[in-house]
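Please read the structure below before turning to the comments.
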Amino acid sequence: MGHSIRYQITHSAELLSLAAFRELVDLACNQHPSINEQTRYDLKLGVDEACTNIILHGYQGMDPGSIILTIEINDRQACISITDFGHPFEPVEVDLPDMETIQSEDDTELGLFFMHQSMDQIDYESSPAGNTLRMQKYFP
Amino acid sequence: MKINLQNVDGVAVVSIQGSVDAMTAGEVGSFFEGIREKRNNRIVVDLGEVDFVSSAGLRVIMSASKNVRQMEGDLRLAAAQPGVERMLKISGFTNILKSYSNADEAVQSFGSLSS
């Protein structure tokens, strides 16, 4: 098993931060040339959808909070954890919504679907200390 | 993210550069709304320079497609990069929206709409 490298950033829970979260995924993947483009995209998509949910729902009615994104990658897998301090929001797995009837304002189901499609394992833990989403992706 | 609009043979070719996520999807939606207000019901969305699309981006494209179909027109996709193309397939978009290899092909496909 190869060495693991850990990357972490903290950003405000705002939509403006999504690009920075995806950039951290790119930075981490750049250190591992064995990660193919599809895997890279899946990692970015999982992170983006998870952070979008937190931004749109996690801090509703609260003072603006932050999101801590941690990525640990070795040659076989990526382990991602996303921590926030807002309302708990467990990202349950959902079926693909009906695309014929979906509205642009339906901002949860399709994102949850893609999050689960792009990751191999998702766990969620909520405590008074914060909410942590852990996602794992195994490389082909 | 940047959006460019060209009129090619009566078809509105919308070329998007960058990422369409929850942050930028609103801007894309507003752009499509502007095209709708001009009553242009033939739209090609050139995704050749879109490196990332999230569910928010797909939803706004689907919404624009529905609006243009209500005007008895159509919205077609072009040049989606592999990661984006895969999302289109997984979500069933490709069963609903036609997708072409490049914008020229997508524009030419509207020729069949003329009566």
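Starting from 1 in every chain, residues are counted up; chains themselves are A, B, ... following the order of the structure tokens, and ligands are numbered from 1 as listed.
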Return as JSON lines the residues of chain B lying at most 12 Å from chain A, together with the closest atom-to-atom pair for each and the distance in Å to one decimal, counting only C-alpha atoms, with rows in chain order and ascending residue number.
{"residue": "B:Met1", "atom": "CA", "partner": "A:Ala19", "partner_atom": "CA", "distance": 10.8}
{"residue": "B:Gly18", "atom": "CA", "partner": "A:Ala19", "partner_atom": "CA", "distance": 10.5}
{"residue": "B:Ser19", "atom": "CA", "partner": "A:Ala19", "partner_atom": "CA", "distance": 8.4}
{"residue": "B:Val20", "atom": "CA", "partner": "A:Ala19", "partner_atom": "CA", "distance": 10.2}
{"residue": "B:Asp21", "atom": "CA", "partner": "A:Leu18", "partner_atom": "CA", "distance": 8.0}
{"residue": "B:Ala22", "atom": "CA", "partner": "A:Leu15", "partner_atom": "CA", "distance": 6.6}
{"residue": "B:Met23", "atom": "CA", "partner": "A:Leu15", "partner_atom": "CA", "distance": 5.1}
{"residue": "B:Thr24", "atom": "CA", "partner": "A:Leu15", "partner_atom": "CA", "distance": 8.8}
{"residue": "B:Ala25", "atom": "CA", "partner": "A:Ser104", "partner_atom": "CA", "distance": 9.3}
{"residue": "B:Gly26", "atom": "CA", "partner": "A:Ser104", "partner_atom": "CA", "distance": 9.4}
{"residue": "B:Val28", "atom": "CA", "partner": "A:Ser104", "partner_atom": "CA", "distance": 11.4}
{"residue": "B:Gly29", "atom": "CA", "partner": "A:Ser104", "partner_atom": "CA", "distance": 8.8}
{"residue": "B:Ser30", "atom": "CA", "partner": "A:Ser104", "partner_atom": "CA", "distance": 11.9}
{"residue": "B:Asp51", "atom": "CA", "partner": "A:Tyr41", "partner_atom": "CA", "distance": 9.1}
{"residue": "B:Phe52", "atom": "CA", "partner": "A:Tyr41", "partner_atom": "CA", "distance": 7.8}
{"residue": "B:Val53", "atom": "CA", "partner": "A:Leu45", "partner_atom": "CA", "distance": 8.1}
{"residue": "B:Ser54", "atom": "CA", "partner": "A:Leu45", "partner_atom": "CA", "distance": 6.5}
{"residue": "B:Ser55", "atom": "CA", "partner": "A:Gly111", "partner_atom": "CA", "distance": 5.2}
{"residue": "B:Ala56", "atom": "CA", "partner": "A:Asp107", "partner_atom": "CA", "distance": 6.9}
{"residue": "B:Gly57", "atom": "CA", "partner": "A:Ser104", "partner_atom": "CA", "distance": 8.8}
{"residue": "B:Leu58", "atom": "CA", "partner": "A:Ser104", "partner_atom": "CA", "distance": 8.4}
{"residue": "B:Arg59", "atom": "CA", "partner": "A:Ser104", "partner_atom": "CA", "distance": 4.7}
{"residue": "B:Val60", "atom": "CA", "partner": "A:Ser104", "partner_atom": "CA", "distance": 5.3}
{"residue": "B:Ile61", "atom": "CA", "partner": "A:Ser104", "partner_atom": "CA", "distance": 8.4}
{"residue": "B:Met62", "atom": "CA", "partner": "A:Ser104", "partner_atom": "CA", "distance": 7.6}
{"residue": "B:Ser63", "atom": "CA", "partner": "A:Ser104", "partner_atom": "CA", "distance": 5.9}
{"residue": "B:Ala64", "atom": "CA", "partner": "A:Ser104", "partner_atom": "CA", "distance": 9.1}
{"residue": "B:Ser65", "atom": "CA", "partner": "A:Glu100", "partner_atom": "CA", "distance": 10.1}
{"residue": "B:Lys66", "atom": "CA", "partner": "A:Glu100", "partner_atom": "CA", "distance": 8.5}
{"residue": "B:Asn67", "atom": "CA", "partner": "A:Gln103", "partner_atom": "CA", "distance": 11.1}
{"residue": "B:Arg69", "atom": "CA", "partner": "A:Glu100", "partner_atom": "CA", "distance": 12.0}
{"residue": "B:Gln81", "atom": "CA", "partner": "A:Gln38", "partner_atom": "CA", "distance": 10.7}
{"residue": "B:Pro82", "atom": "CA", "partner": "A:Gln38", "partner_atom": "CA", "distance": 7.8}
{"residue": "B:Gly83", "atom": "CA", "partner": "A:Gln38", "partner_atom": "CA", "distance": 6.1}
{"residue": "B:Val84", "atom": "CA", "partner": "A:Tyr41", "partner_atom": "CA", "distance": 8.7}
{"residue": "B:Glu85", "atom": "CA", "partner": "A:Gln38", "partner_atom": "CA", "distance": 10.8}
{"residue": "B:Arg86", "atom": "CA", "partner": "A:Gln38", "partner_atom": "CA", "distance": 8.8}
{"residue": "B:Met87", "atom": "CA", "partner": "A:Phe114", "partner_atom": "CA", "distance": 8.2}
{"residue": "B:Leu88", "atom": "CA", "partner": "A:Met99", "partner_atom": "CA", "distance": 10.8}
{"residue": "B:Lys89", "atom": "CA", "partner": "A:Met99", "partner_atom": "CA", "distance": 11.7}
{"residue": "B:Ile90", "atom": "CA", "partner": "A:Phe114", "partner_atom": "CA", "distance": 8.8}
{"residue": "B:Ser91", "atom": "CA", "partner": "A:Leu96", "partner_atom": "CA", "distance": 6.8}
{"residue": "B:Gly92", "atom": "CA", "partner": "A:Met99", "partner_atom": "CA", "distance": 7.2}
{"residue": "B:Phe93", "atom": "CA", "partner": "A:Met99", "partner_atom": "CA", "distance": 7.3}
{"residue": "B:Thr94", "atom": "CA", "partner": "A:Met99", "partner_atom": "CA", "distance": 10.6}
{"residue": "B:Asn95", "atom": "CA", "partner": "A:Met99", "partner_atom": "CA", "distance": 9.8}
{"residue": "B:Ile96", "atom": "CA", "partner": "A:Glu100", "partner_atom": "CA", "distance": 7.8}
{"residue": "B:Leu97", "atom": "CA", "partner": "A:Glu100", "partner_atom": "CA", "distance": 10.5}
**Report entry** strand (DSSP E or B) per DSSP on the backbone: members of chain A, as a count of residues only
**Finding:** 40
Requested in this report: From stretch 7-140 of chain A, collect each residue whose DSSP state is alpha helix (DSSP H) and return the set as a PyMOL selection string.
Outcome: chain A and resi 18-30+37-53+109-118
Query - Counting only C-alpha atoms, the residue of A:Ser66, A:Gln77, A:Thr10, A:Gln121 that sits nearest A:Ser34 - result: A:Gln77
Report summary line: As a check of understanding: the span from atom CA of A:Arg134 to atom CA of A:Glu90 is 11.1 Å
Query raised in the report: From the set B:Ser109, B:Leu77, B:Tyr100, B:Lys2, which residue has the shortest atom-to-atom contact distance to B:Val45, counting only C-alpha atoms?
Result: B:Leu77
